[in-house]
$ cat data.pdb   # PDB, C-alpha atoms, pLDDT in the B column
ATOM      1  CA  MET A   1       0.000   0.000   0.000  1.00 50.00           C
ATOM      2  CA  ARG A   2       2.891   2.389   0.797  1.00 47.00           C
ATOM      3  CA  GLY A   3       4.341   1.659  -2.653  1.00 50.00           C
ATOM      4  CA  ASN A   4       1.187   2.645  -4.458  1.00 49.00           C
ATOM      5  CA  LYS A   5       0.872   5.789  -2.308  1.00 47.00           C
ATOM      6  CA  SER A   6       4.375   6.746  -3.385  1.00 48.00           C
ATOM      7  CA  ILE A   7       3.459   6.300  -7.048  1.00 48.00           C
ATOM      8  CA  THR A   8       0.312   8.372  -6.529  1.00 46.00           C
ATOM      9  CA  CYS A   9       2.350  11.157  -4.939  1.00 48.00           C
ATOM     10  CA  VAL A  10       4.703  11.110  -7.914  1.00 44.00           C
ATOM     11  CA  LEU A  11       1.792  11.407 -10.335  1.00 44.00           C
ATOM     12  CA  ILE A  12       0.144  14.212  -8.399  1.00 42.00           C
ATOM     13  CA  GLY A  13       3.376  16.076  -7.648  1.00 45.00           C
ATOM     14  CA  LEU A  14       4.635  16.164 -11.232  1.00 41.00           C
ATOM     15  CA  PHE A  15       3.150  17.849 -14.284  1.00 39.00           C
ATOM     16  CA  LEU A  16       2.715  15.058 -16.828  1.00 43.00           C
ATOM     17  CA  LEU A  17       4.128  15.952 -20.221  1.00 38.00           C
ATOM     18  CA  VAL A  18       2.261  14.626 -23.279  1.00 38.00           C
ATOM     19  CA  PRO A  19       4.701  13.811 -26.136  1.00 41.00           C
ATOM     20  CA  GLY A  20       4.768  16.595 -28.698  1.00 40.00           C
ATOM     21  CA  MET A  21       4.460  19.470 -26.206  1.00 36.00           C
ATOM     22  CA  VAL A  22       7.158  22.041 -26.919  1.00 38.00           C
ATOM     23  CA  LEU A  23       9.266  23.003 -23.899  1.00 40.00           C
ATOM     24  CA  SER A  24      10.785  26.442 -23.488  1.00 42.00           C
ATOM     25  CA  GLN A  25      14.420  26.802 -24.383  1.00 42.00           C
ATOM     26  CA  ASP A  26      15.537  27.060 -20.758  1.00 45.00           C
ATOM     27  CA  ALA A  27      14.982  23.298 -20.212  1.00 45.00           C
ATOM     28  CA  ASN A  28      18.625  22.868 -19.347  1.00 48.00           C
ATOM     29  CA  GLN A  29      18.587  20.265 -16.602  1.00 55.00           C
ATOM     30  CA  THR A  30      17.538  16.608 -16.775  1.00 59.00           C
ATOM     31  CA  ARG A  31      17.155  14.440 -13.695  1.00 67.00           C
ATOM     32  CA  THR A  32      16.367  10.778 -13.105  1.00 68.00           C
ATOM     33  CA  LEU A  33      13.074   9.786 -11.460  1.00 70.00           C
ATOM     34  CA  ILE A  34      13.280   7.402  -8.476  1.00 70.00           C
ATOM     35  CA  ILE A  35      10.105   5.473  -7.588  1.00 70.00           C
ATOM     36  CA  ASN A  36       9.889   3.577  -4.306  1.00 61.00           C
ATOM     37  CA  GLY A  37      13.646   3.874  -3.896  1.00 58.00           C
ATOM     38  CA  ARG A  38      14.396   2.441  -7.324  1.00 67.00           C
ATOM     39  CA  SER A  39      16.099   4.417 -10.053  1.00 67.00           C
ATOM     40  CA  THR A  40      14.199   4.434 -13.370  1.00 75.00           C
ATOM     41  CA  GLN A  41      14.930   5.379 -16.959  1.00 71.00           C
ATOM     42  CA  VAL A  42      12.299   8.137 -16.770  1.00 72.00           C
ATOM     43  CA  PRO A  43      13.950  11.526 -17.401  1.00 77.00           C
ATOM     44  CA  VAL A  44      12.625  14.481 -15.428  1.00 74.00           C
ATOM     45  CA  LEU A  45      13.012  17.859 -17.111  1.00 72.00           C
ATOM     46  CA  GLN A  46      13.293  21.016 -15.017  1.00 67.00           C
ATOM     47  CA  VAL A  47      11.659  23.998 -16.735  1.00 66.00           C
ATOM     48  CA  ASN A  48      11.073  27.313 -14.978  1.00 64.00           C
ATOM     49  CA  GLY A  49      11.245  25.597 -11.610  1.00 64.00           C
ATOM     50  CA  ARG A  50       8.686  22.938 -12.568  1.00 71.00           C
ATOM     51  CA  SER A  51       9.172  19.209 -13.194  1.00 71.00           C
ATOM     52  CA  TYR A  52       7.946  17.383 -16.304  1.00 70.00           C
ATOM     53  CA  VAL A  53       7.955  13.654 -17.109  1.00 71.00           C
ATOM     54  CA  GLY A  54       6.917  11.775 -20.271  1.00 74.00           C
ATOM     55  CA  LEU A  55       3.718   9.713 -20.017  1.00 70.00           C
ATOM     56  CA  GLU A  56       4.996   6.749 -22.044  1.00 73.00           C
ATOM     57  CA  ALA A  57       8.211   6.512 -20.027  1.00 71.00           C
ATOM     58  CA  LEU A  58       6.326   6.763 -16.726  1.00 73.00           C
ATOM     59  CA  ALA A  59       3.793   4.104 -17.751  1.00 70.00           C
ATOM     60  CA  SER A  60       6.624   1.759 -18.722  1.00 72.00           C
ATOM     61  CA  ALA A  61       8.453   2.353 -15.432  1.00 70.00           C
ATOM     62  CA  VAL A  62       5.422   1.348 -13.321  1.00 68.00           C
ATOM     63  CA  ASN A  63       4.351  -1.509 -15.651  1.00 68.00           C
ATOM     64  CA  GLY A  64       1.277   0.474 -16.618  1.00 68.00           C
ATOM     65  CA  SER A  65      -0.427   1.245 -19.902  1.00 65.00           C
ATOM     66  CA  LEU A  66      -1.884   4.228 -21.729  1.00 61.00           C
ATOM     67  CA  SER A  67      -5.167   4.343 -23.618  1.00 62.00           C
ATOM     68  CA  PHE A  68      -6.633   7.138 -25.688  1.00 59.00           C
ATOM     69  CA  ALA A  69     -10.266   8.102 -26.318  1.00 53.00           C
ATOM     70  CA  GLY A  70     -10.745  11.375 -28.139  1.00 53.00           C
ATOM     71  CA  SER A  71      -9.152  14.093 -25.988  1.00 54.00           C
ATOM     72  CA  GLN A  72      -8.951  11.792 -22.942  1.00 57.00           C
ATOM     73  CA  ILE A  73      -5.745  10.000 -21.899  1.00 65.00           C
ATOM     74  CA  ALA A  74      -5.971   7.222 -19.283  1.00 64.00           C
ATOM     75  CA  LEU A  75      -2.959   5.887 -17.400  1.00 64.00           C
ATOM     76  CA  SER A  76      -3.610   2.454 -15.837  1.00 61.00           C
ATOM     77  CA  MET A  77      -1.228   0.848 -13.349  1.00 59.00           C
ATOM     78  CA  PRO A  78      -1.220  -2.604 -11.704  1.00 53.00           C
ATOM     79  CA  LEU A  79      -2.519  -2.462  -8.154  1.00 45.00           C
ATOM     80  CA  SER A  80      -2.241  -4.874  -5.259  1.00 41.00           C
ATOM     81  CA  SER A  81      -5.335  -5.730  -3.227  1.00 39.00           C
ATOM     82  CA  GLY A  82      -6.353  -3.378  -0.462  1.00 40.00           C
ATOM     83  CA  THR A  83      -4.805  -0.275  -2.017  1.00 40.00           C
ATOM     84  CA  THR A  84      -6.356   2.977  -3.090  1.00 39.00           C
ATOM     85  CA  PRO A  85      -5.859   3.361  -6.863  1.00 41.00           C
ATOM     86  CA  PRO A  86      -5.044   6.643  -8.608  1.00 40.00           C
ATOM     87  CA  ALA A  87      -8.041   6.769 -10.959  1.00 40.00           C
ATOM     88  CA  THR A  88      -7.127   7.815 -14.508  1.00 39.00           C
ATOM     89  CA  ALA A  89      -4.237   9.864 -13.181  1.00 37.00           C
ATOM     90  CA  ALA A  90      -3.245  11.339 -16.530  1.00 37.00           C
ATOM     91  CA  ALA A  91      -6.704  12.853 -17.016  1.00 38.00           C
ATOM     92  CA  MET A  92      -7.165  13.960 -13.393  1.00 37.00           C
ATOM     93  CA  PRO A  93      -6.243  17.514 -12.323  1.00 40.00           C
ATOM     94  CA  ALA A  94      -3.121  17.539 -10.161  1.00 36.00           C
ATOM     95  CA  SER A  95      -5.011  19.271  -7.345  1.00 37.00           C
ATOM     96  CA  GLU A  96      -7.515  16.436  -6.950  1.00 41.00           C
ATOM     97  CA  SER A  97      -7.004  13.194  -5.074  1.00 40.00           C
ATOM     98  CA  ALA A  98      -8.029   9.787  -6.443  1.00 39.00           C
ATOM     99  CA  PRO A  99     -11.375   8.432  -5.200  1.00 42.00           C
ATOM    100  CA  ALA A 100     -11.400   5.561  -2.752  1.00 43.00           C
ATOM    101  CA  SER A 101     -11.573   2.041  -4.114  1.00 42.00           C
ATOM    102  CA  ASN A 102     -14.950   0.306  -3.943  1.00 41.00           C
ATOM    103  CA  PRO A 103     -15.803  -3.343  -4.597  1.00 62.00           C
ATOM    104  CA  GLY A 104     -17.526  -4.325  -7.824  1.00 86.00           C
ATOM    105  CA  PHE A 105     -18.851  -1.971 -10.483  1.00 91.00           C
ATOM    106  CA  SER A 106     -20.391   1.381  -9.733  1.00 93.00           C
ATOM    107  CA  LYS A 107     -23.937   1.965 -10.983  1.00 92.00           C
ATOM    108  CA  GLU A 108     -22.831   4.853 -13.199  1.00 94.00           C
ATOM    109  CA  PHE A 109     -20.018   2.905 -14.849  1.00 94.00           C
ATOM    110  CA  LEU A 110     -22.166  -0.183 -15.364  1.00 92.00           C
ATOM    111  CA  LYS A 111     -24.724   1.923 -17.226  1.00 94.00           C
ATOM    112  CA  ALA A 112     -22.029   3.561 -19.365  1.00 94.00           C
ATOM    113  CA  GLY A 113     -20.372   0.205 -20.026  1.00 93.00           C
ATOM    114  CA  ILE A 114     -23.632  -1.364 -21.160  1.00 92.00           C
ATOM    115  CA  GLU A 115     -24.204   1.548 -23.556  1.00 94.00           C
ATOM    116  CA  GLN A 116     -20.720   1.116 -25.028  1.00 94.00           C
ATOM    117  CA  ALA A 117     -21.107  -2.647 -25.383  1.00 92.00           C
ATOM    118  CA  ALA A 118     -24.444  -2.171 -27.171  1.00 93.00           C
ATOM    119  CA  THR A 119     -22.940   0.345 -29.607  1.00 95.00           C
ATOM    120  CA  LEU A 120     -20.013  -1.960 -30.368  1.00 95.00           C
ATOM    121  CA  ARG A 121     -22.432  -4.846 -31.023  1.00 93.00           C
ATOM    122  CA  GLU A 122     -24.407  -2.672 -33.453  1.00 95.00           C
ATOM    123  CA  TRP A 123     -21.188  -1.598 -35.169  1.00 95.00           C
ATOM    124  CA  HIS A 124     -20.035  -5.212 -35.457  1.00 95.00           C
ATOM    125  CA  ALA A 125     -23.448  -6.326 -36.760  1.00 94.00           C
ATOM    126  CA  ALA A 126     -23.402  -3.614 -39.450  1.00 94.00           C
ATOM    127  CA  LEU A 127     -19.931  -4.708 -40.565  1.00 94.00           C
ATOM    128  CA  ALA A 128     -20.895  -8.388 -40.559  1.00 93.00           C
ATOM    129  CA  THR A 129     -24.096  -7.770 -42.529  1.00 94.00           C
ATOM    130  CA  ALA A 130     -22.268  -5.758 -45.177  1.00 93.00           C
ATOM    131  CA  ILE A 131     -19.626  -8.457 -45.614  1.00 93.00           C
ATOM    132  CA  GLN A 132     -22.137 -11.301 -45.729  1.00 93.00           C
ATOM    133  CA  ASN A 133     -24.302  -9.497 -48.300  1.00 93.00           C
ATOM    134  CA  GLY A 134     -21.374  -8.344 -50.420  1.00 91.00           C
ATOM    135  CA  SER A 135     -22.241  -4.695 -49.768  1.00 91.00           C
ATOM    136  CA  PRO A 136     -19.541  -2.001 -49.866  1.00 89.00           C
ATOM    137  CA  VAL A 137     -17.733  -1.568 -46.544  1.00 90.00           C
ATOM    138  CA  THR A 138     -16.923   2.134 -46.416  1.00 92.00           C
ATOM    139  CA  ALA A 139     -15.753   4.631 -43.828  1.00 91.00           C
ATOM    140  CA  THR A 140     -18.949   6.629 -44.396  1.00 92.00           C
ATOM    141  CA  MET A 141     -21.106   3.638 -43.489  1.00 91.00           C
ATOM    142  CA  ILE A 142     -19.143   3.008 -40.286  1.00 92.00           C
ATOM    143  CA  ALA A 143     -18.709   6.659 -39.209  1.00 94.00           C
ATOM    144  CA  PRO A 144     -21.909   6.969 -37.084  1.00 94.00           C
ATOM    145  CA  TYR A 145     -21.060   3.835 -35.070  1.00 94.00           C
ATOM    146  CA  SER A 146     -17.457   4.930 -34.576  1.00 94.00           C
ATOM    147  CA  ALA A 147     -18.493   8.398 -33.411  1.00 95.00           C
ATOM    148  CA  GLN A 148     -21.028   7.048 -30.922  1.00 96.00           C
ATOM    149  CA  ALA A 149     -18.584   4.454 -29.591  1.00 95.00           C
ATOM    150  CA  THR A 150     -15.935   7.152 -29.070  1.00 95.00           C
ATOM    151  CA  THR A 151     -18.426   9.246 -27.087  1.00 96.00           C
ATOM    152  CA  ASN A 152     -19.586   6.272 -25.027  1.00 95.00           C
ATOM    153  CA  LEU A 153     -16.005   5.272 -24.204  1.00 95.00           C
ATOM    154  CA  ARG A 154     -15.300   8.788 -22.943  1.00 96.00           C
ATOM    155  CA  LEU A 155     -18.419   8.652 -20.756  1.00 95.00           C
ATOM    156  CA  ALA A 156     -17.317   5.286 -19.354  1.00 95.00           C
ATOM    157  CA  LEU A 157     -13.941   6.783 -18.470  1.00 95.00           C
ATOM    158  CA  ILE A 158     -15.589   9.672 -16.647  1.00 95.00           C
ATOM    159  CA  ALA A 159     -17.951   7.304 -14.792  1.00 94.00           C
ATOM    160  CA  ALA A 160     -15.194   4.923 -13.614  1.00 94.00           C
ATOM    161  CA  SER A 161     -14.754   5.280  -9.843  1.00 93.00           C
ATOM    162  CA  THR A 162     -13.858   1.828  -8.487  1.00 92.00           C
ATOM    163  CA  GLU A 163     -10.972  -0.522  -9.134  1.00 92.00           C
ATOM    164  CA  SER A 164     -13.335  -2.858 -11.002  1.00 92.00           C
ATOM    165  CA  ASP A 165     -14.592   0.068 -13.103  1.00 94.00           C
ATOM    166  CA  ARG A 166     -11.085   0.995 -14.156  1.00 94.00           C
ATOM    167  CA  GLY A 167     -10.162  -2.580 -14.989  1.00 93.00           C
ATOM    168  CA  ALA A 168     -13.284  -3.033 -17.126  1.00 94.00           C
ATOM    169  CA  TYR A 169     -12.737   0.339 -18.795  1.00 95.00           C
ATOM    170  CA  GLN A 170      -9.326  -0.821 -20.012  1.00 95.00           C
ATOM    171  CA  LEU A 171     -10.933  -3.917 -21.559  1.00 94.00           C
ATOM    172  CA  LEU A 172     -13.665  -1.823 -23.181  1.00 95.00           C
ATOM    173  CA  SER A 173     -10.949   0.436 -24.579  1.00 95.00           C
ATOM    174  CA  ASN A 174      -9.095  -2.600 -25.959  1.00 95.00           C
ATOM    175  CA  LEU A 175     -12.293  -3.877 -27.575  1.00 95.00           C
ATOM    176  CA  PHE A 176     -12.947  -0.472 -29.123  1.00 96.00           C
ATOM    177  CA  GLN A 177      -9.424  -0.271 -30.555  1.00 95.00           C
ATOM    178  CA  ASN A 178      -9.734  -3.779 -32.010  1.00 95.00           C
ATOM    179  CA  MET A 179     -13.091  -2.871 -33.576  1.00 95.00           C
ATOM    180  CA  VAL A 180     -11.396   0.080 -35.258  1.00 95.00           C
ATOM    181  CA  LYS A 181      -8.601  -2.191 -36.545  1.00 95.00           C
ATOM    182  CA  LEU A 182     -11.082  -4.780 -37.821  1.00 95.00           C
ATOM    183  CA  THR A 183     -13.168  -2.179 -39.629  1.00 95.00           C
ATOM    184  CA  ASP A 184     -10.162  -0.404 -41.131  1.00 95.00           C
ATOM    185  CA  LYS A 185      -8.948  -3.734 -42.488  1.00 94.00           C
ATOM    186  CA  TYR A 186     -12.119  -4.390 -44.485  1.00 94.00           C
ATOM    187  CA  VAL A 187     -12.532  -0.762 -45.564  1.00 94.00           C
ATOM    188  CA  ALA A 188      -8.996  -0.922 -46.993  1.00 94.00           C
ATOM    189  CA  MET A 189      -9.731  -4.232 -48.722  1.00 92.00           C
ATOM    190  CA  ARG A 190     -12.819  -2.704 -50.326  1.00 91.00           C
ATOM    191  CA  ALA A 191     -10.868   0.386 -51.425  1.00 91.00           C
ATOM    192  CA  ASN A 192      -8.221  -1.845 -53.027  1.00 92.00           C
ATOM    193  CA  MET A 193     -10.917  -3.908 -54.771  1.00 90.00           C
ATOM    194  CA  THR A 194      -9.806  -7.019 -52.861  1.00 90.00           C
ATOM    195  CA  TYR A 195     -12.327  -9.854 -52.833  1.00 91.00           C
ATOM    196  CA  ILE A 196     -14.005 -10.320 -49.446  1.00 91.00           C
ATOM    197  CA  SER A 197     -15.557 -13.717 -48.823  1.00 92.00           C
ATOM    198  CA  PRO A 198     -19.044 -13.684 -47.214  1.00 92.00           C
ATOM    199  CA  ASP A 199     -17.671 -15.777 -44.350  1.00 92.00           C
ATOM    200  CA  ALA A 200     -14.493 -13.700 -43.942  1.00 91.00           C
ATOM    201  CA  LEU A 201     -15.350 -12.566 -40.414  1.00 91.00           C
ATOM    202  CA  GLN A 202     -15.871 -16.114 -39.146  1.00 90.00           C
ATOM    203  CA  LYS A 203     -12.327 -16.948 -40.235  1.00 92.00           C
ATOM    204  CA  ASP A 204     -10.786 -13.696 -39.016  1.00 93.00           C
ATOM    205  CA  ARG A 205      -8.649 -14.246 -35.895  1.00 94.00           C
ATOM    206  CA  LEU A 206      -9.077 -10.664 -34.695  1.00 94.00           C
ATOM    207  CA  ASN A 207     -12.835 -11.043 -34.985  1.00 94.00           C
ATOM    208  CA  GLN A 208     -12.705 -14.307 -33.030  1.00 93.00           C
ATOM    209  CA  ARG A 209     -10.759 -12.591 -30.249  1.00 93.00           C
ATOM    210  CA  MET A 210     -13.295  -9.788 -30.155  1.00 92.00           C
ATOM    211  CA  VAL A 211     -16.204 -12.211 -29.863  1.00 92.00           C
ATOM    212  CA  ALA A 212     -14.469 -13.930 -26.938  1.00 92.00           C
ATOM    213  CA  CYS A 213     -13.852 -10.538 -25.327  1.00 92.00           C
ATOM    214  CA  GLY A 214     -17.522  -9.634 -25.719  1.00 89.00           C
ATOM    215  CA  HIS A 215     -18.552 -12.851 -23.978  1.00 91.00           C
ATOM    216  CA  SER A 216     -16.107 -12.128 -21.151  1.00 91.00           C
ATOM    217  CA  LEU A 217     -17.450  -8.612 -20.657  1.00 91.00           C
ATOM    218  CA  GLY A 218     -21.015  -9.944 -20.699  1.00 88.00           C
ATOM    219  CA  ALA A 219     -20.144 -12.409 -17.942  1.00 90.00           C
ATOM    220  CA  MET A 220     -18.627  -9.604 -15.874  1.00 89.00           C
ATOM    221  CA  GLU A 221     -21.743  -7.501 -16.348  1.00 86.00           C
ATOM    222  CA  ALA A 222     -23.904 -10.377 -15.132  1.00 87.00           C
ATOM    223  CA  SER A 223     -21.743 -11.089 -12.065  1.00 86.00           C
ATOM    224  CA  GLY A 224     -21.035  -7.450 -11.206  1.00 83.00           C
ATOM    225  CA  GLN A 225     -17.370  -8.313 -10.608  1.00 84.00           C
ATOM    226  CA  PHE A 226     -14.256  -7.634 -12.658  1.00 90.00           C
ATOM    227  CA  VAL A 227     -12.396 -10.748 -13.856  1.00 88.00           C
ATOM    228  CA  ASP A 228      -9.738 -10.398 -16.555  1.00 89.00           C
ATOM    229  CA  ASP A 229      -9.396 -13.767 -18.297  1.00 88.00           C
ATOM    230  CA  GLY A 230      -7.024 -12.403 -20.931  1.00 89.00           C
ATOM    231  CA  SER A 231      -9.498 -12.583 -23.815  1.00 88.00           C
ATOM    232  CA  CYS A 232      -9.565  -8.788 -24.222  1.00 90.00           C
ATOM    233  CA  ASP A 233      -5.795  -8.281 -24.364  1.00 82.00           C
TER     234      ASP A 233
END

$ encode --input "data.pdb" --output "structure tokens"
Amino acid sequence: MRGNKSITCVLIGLFLLVPGMVLSQDANQTRTLIINGRSTQVPVLQVNGRSYVGLEALASAVNGSLSFAGSQIALSMPLSSGTTPPATAAAMPASESAPASNPGFSKEFLKAGIEQAATLREWHAALATAIQNGSPVTATMIAPYSAQATTNLRLALIAASTESDRGAYQLLSNLFQNMVKLTDKYVAMRANMTYISPDALQKDRLNQRMVACGHSLGAMEASGQFVDDGSCD
């Protein structure tokens, strides 16, 4: 628990620097970040008396991961039981503290998660129907589903308040990203005039992984508890 508190203090105490941000020319001192007494490869830049650290480097140092949804950036870190997690630290103002961990899913997140799952199912059904019927798979056809799914994912991120919420959000984010990859694949095939078999989705390994992930998320929704079986990785 002390270890995770230390990480939280680091996240709150530092201004997180998103790659691509231009620093002023007086960034003339680089330091090494030490977490829980261990030296890391995360460089800390001193600019005008303030400290900056790269998100990707920090996530790697704490064995975490980054996910993106529109203008939102979520930093997820592994937590041991009984600790208080820093909820979506990268998107949380530095002046605010992370909410306390609660068991199971919160009512707000469960509602947002169900909405996102429903939108992804509709998106997948539209793609499957087009492929099976030999209809053109175009970006224009998919755009409304993609836009709604992006909005729903952002709402799920905002609603996440418990450890289970944050774990399930990461899986929903993975499923969303895989849906984008799957769709882009068939849109590109259509644009290149590549033949698409009516049963292409059934044979597609990415699609099979997504179906398994959907079943896993459905089971979590029914039980009200977060269980990561690896199918949404």

$ closest_residue --input "data.pdb" --among "A:Leu153, A:Ala219, A:Leu127, A:Leu206" --to "A:Tyr186" --atoms "only C-alpha atoms"
A:Leu127

$ residues_around --input "data.pdb" --residues "A:Ala126" --least-positions-apart "5" --cutoff "12 Å" --atoms "all atoms listed in the file" --output "ChimeraX atom specification"
/A:119-121,131-133,135-138,141-146,179,183

$ write_last_selection --input "data.pdb" --atoms "C-alpha atoms" --output "PDB file, keeping the file's coordinate frame"
ATOM      1  CA  THR A 119     -22.940   0.345 -29.607  1.00 95.00           C
ATOM      2  CA  LEU A 120     -20.013  -1.960 -30.368  1.00 95.00           C
ATOM      3  CA  ARG A 121     -22.432  -4.846 -31.023  1.00 93.00           C
ATOM      4  CA  ILE A 131     -19.626  -8.457 -45.614  1.00 93.00           C
ATOM      5  CA  GLN A 132     -22.137 -11.301 -45.729  1.00 93.00           C
ATOM      6  CA  ASN A 133     -24.302  -9.497 -48.300  1.00 93.00           C
ATOM      7  CA  SER A 135     -22.241  -4.695 -49.768  1.00 91.00           C
ATOM      8  CA  PRO A 136     -19.541  -2.001 -49.866  1.00 89.00           C
ATOM      9  CA  VAL A 137     -17.733  -1.568 -46.544  1.00 90.00           C
ATOM     10  CA  THR A 138     -16.923   2.134 -46.416  1.00 92.00           C
ATOM     11  CA  MET A 141     -21.106   3.638 -43.489  1.00 91.00           C
ATOM     12  CA  ILE A 142     -19.143   3.008 -40.286  1.00 92.00           C
ATOM     13  CA  ALA A 143     -18.709   6.659 -39.209  1.00 94.00           C
ATOM     14  CA  PRO A 144     -21.909   6.969 -37.084  1.00 94.00           C
ATOM     15  CA  TYR A 145     -21.060   3.835 -35.070  1.00 94.00           C
ATOM     16  CA  SER A 146     -17.457   4.930 -34.576  1.00 94.00           C
ATOM     17  CA  MET A 179     -13.091  -2.871 -33.576  1.00 95.00           C
ATOM     18  CA  THR A 183     -13.168  -2.179 -39.629  1.00 95.00           C
TER      19      THR A 183
END

$ atom_distance --input "data.pdb" --atom1 "atom CA of A:Ala168" --atom2 "atom CA of A:Val187"
28.5 Å

$ atom_distance --input "data.pdb" --atom1 "atom CA of A:Gly134" --atom2 "atom CA of A:Asn174"
28.0 Å

$ residues_around --input "data.pdb" --residues "A:Met220" --least-positions-apart "2" --cutoff "12 Å" --atoms "all atoms listed in the file" --output "PDB file with C-alpha atoms, keeping the file's coordinate frame"
ATOM      1  CA  GLY A 104     -17.526  -4.325  -7.824  1.00 86.00           C
ATOM      2  CA  PHE A 105     -18.851  -1.971 -10.483  1.00 91.00           C
ATOM      3  CA  LEU A 110     -22.166  -0.183 -15.364  1.00 92.00           C
ATOM      4  CA  GLY A 113     -20.372   0.205 -20.026  1.00 93.00           C
ATOM      5  CA  ILE A 114     -23.632  -1.364 -21.160  1.00 92.00           C
ATOM      6  CA  SER A 164     -13.335  -2.858 -11.002  1.00 92.00           C
ATOM      7  CA  ASP A 165     -14.592   0.068 -13.103  1.00 94.00           C
ATOM      8  CA  GLY A 167     -10.162  -2.580 -14.989  1.00 93.00           C
ATOM      9  CA  ALA A 168     -13.284  -3.033 -17.126  1.00 94.00           C
ATOM     10  CA  TYR A 169     -12.737   0.339 -18.795  1.00 95.00           C
ATOM     11  CA  LEU A 171     -10.933  -3.917 -21.559  1.00 94.00           C
ATOM     12  CA  LEU A 172     -13.665  -1.823 -23.181  1.00 95.00           C
ATOM     13  CA  CYS A 213     -13.852 -10.538 -25.327  1.00 92.00           C
ATOM     14  CA  GLY A 214     -17.522  -9.634 -25.719  1.00 89.00           C
ATOM     15  CA  HIS A 215     -18.552 -12.851 -23.978  1.00 91.00           C
ATOM     16  CA  SER A 216     -16.107 -12.128 -21.151  1.00 91.00           C
ATOM     17  CA  LEU A 217     -17.450  -8.612 -20.657  1.00 91.00           C
ATOM     18  CA  GLY A 218     -21.015  -9.944 -20.699  1.00 88.00           C
ATOM     19  CA  ALA A 222     -23.904 -10.377 -15.132  1.00 87.00           C
ATOM     20  CA  SER A 223     -21.743 -11.089 -12.065  1.00 86.00           C
ATOM     21  CA  GLY A 224     -21.035  -7.450 -11.206  1.00 83.00           C
ATOM     22  CA  GLN A 225     -17.370  -8.313 -10.608  1.00 84.00           C
ATOM     23  CA  PHE A 226     -14.256  -7.634 -12.658  1.00 90.00           C
ATOM     24  CA  VAL A 227     -12.396 -10.748 -13.856  1.00 88.00           C
ATOM     25  CA  ASP A 228      -9.738 -10.398 -16.555  1.00 89.00           C
ATOM     26  CA  ASP A 229      -9.396 -13.767 -18.297  1.00 88.00           C
TER      27      ASP A 229
END

$ resolve_selection --input "data.pdb" --expression "the PyMOL selection byres ((chain A and resi 197) around 12)" --output "list in words"
Ala128, Ala130, Ile131, Gln132, Asn133, Gly134, Ser135, Tyr186, Met189, Arg190, Thr194, Tyr195, Ile196, Pro198, Asp199, Ala200, Leu201, Gln202, Lys203 and Asp204 of chain A

$ write_last_selection --input "data.pdb" --atoms "C-alpha atoms" --output "PDB file, keeping the file's coordinate frame"
ATOM      1  CA  ALA A 128     -20.895  -8.388 -40.559  1.00 93.00           C
ATOM      2  CA  ALA A 130     -22.268  -5.758 -45.177  1.00 93.00           C
ATOM      3  CA  ILE A 131     -19.626  -8.457 -45.614  1.00 93.00           C
ATOM      4  CA  GLN A 132     -22.137 -11.301 -45.729  1.00 93.00           C
ATOM      5  CA  ASN A 133     -24.302  -9.497 -48.300  1.00 93.00           C
ATOM      6  CA  GLY A 134     -21.374  -8.344 -50.420  1.00 91.00           C
ATOM      7  CA  SER A 135     -22.241  -4.695 -49.768  1.00 91.00           C
ATOM      8  CA  TYR A 186     -12.119  -4.390 -44.485  1.00 94.00           C
ATOM      9  CA  MET A 189      -9.731  -4.232 -48.722  1.00 92.00           C
ATOM     10  CA  ARG A 190     -12.819  -2.704 -50.326  1.00 91.00           C
ATOM     11  CA  THR A 194      -9.806  -7.019 -52.861  1.00 90.00           C
ATOM     12  CA  TYR A 195     -12.327  -9.854 -52.833  1.00 91.00           C
ATOM     13  CA  ILE A 196     -14.005 -10.320 -49.446  1.00 91.00           C
ATOM     14  CA  PRO A 198     -19.044 -13.684 -47.214  1.00 92.00           C
ATOM     15  CA  ASP A 199     -17.671 -15.777 -44.350  1.00 92.00           C
ATOM     16  CA  ALA A 200     -14.493 -13.700 -43.942  1.00 91.00           C
ATOM     17  CA  LEU A 201     -15.350 -12.566 -40.414  1.00 91.00           C
ATOM     18  CA  GLN A 202     -15.871 -16.114 -39.146  1.00 90.00           C
ATOM     19  CA  LYS A 203     -12.327 -16.948 -40.235  1.00 92.00           C
ATOM     20  CA  ASP A 204     -10.786 -13.696 -39.016  1.00 93.00           C
TER      21      ASP A 204
END

$ atom_distance --input "data.pdb" --atom1 "atom CA of A:Ala191" --atom2 "atom CA of A:Phe176"
22.4 Å

$ closest_residue --input "data.pdb" --among "A:Arg50, A:Arg205, A:Lys181, A:Lys107" --to "A:Ala160" --atoms "all atoms listed in the file"
A:Lys107

$ decode --input "data.pdb" --residues "stretch 132-137 of chain A" --atoms "N, CA and C atoms" --output "PDB file, in the first residue's frame"
ATOM      1  N   GLN A 132     -21.361 -10.127 -45.345  1.00  0.00           N
ATOM      2  CA  GLN A 132     -22.137 -11.301 -45.729  1.00  0.00           C
ATOM      3  C   GLN A 132     -22.963 -11.059 -46.988  1.00  0.00           C
ATOM      4  N   ASN A 133     -23.449  -9.817 -47.155  1.00  0.00           N
ATOM      5  CA  ASN A 133     -24.302  -9.497 -48.300  1.00  0.00           C
ATOM      6  C   ASN A 133     -23.510  -8.969 -49.490  1.00  0.00           C
ATOM      7  N   GLY A 134     -22.196  -8.856 -49.331  1.00  0.00           N
ATOM      8  CA  GLY A 134     -21.374  -8.344 -50.420  1.00  0.00           C
ATOM      9  C   GLY A 134     -21.543  -6.864 -50.657  1.00  0.00           C
ATOM     10  N   SER A 135     -22.050  -6.136 -49.639  1.00  0.00           N
ATOM     11  CA  SER A 135     -22.241  -4.695 -49.768  1.00  0.00           C
ATOM     12  C   SER A 135     -20.922  -3.964 -49.518  1.00  0.00           C
ATOM     13  N   PRO A 136     -20.788  -2.760 -50.063  1.00  0.00           N
ATOM     14  CA  PRO A 136     -19.541  -2.001 -49.866  1.00  0.00           C
ATOM     15  C   PRO A 136     -19.310  -1.679 -48.384  1.00  0.00           C
ATOM     16  N   VAL A 137     -18.117  -1.934 -47.909  1.00  0.00           N
ATOM     17  CA  VAL A 137     -17.733  -1.568 -46.544  1.00  0.00           C
ATOM     18  C   VAL A 137     -16.936  -0.279 -46.655  1.00  0.00           C
TER      19      VAL A 137
END
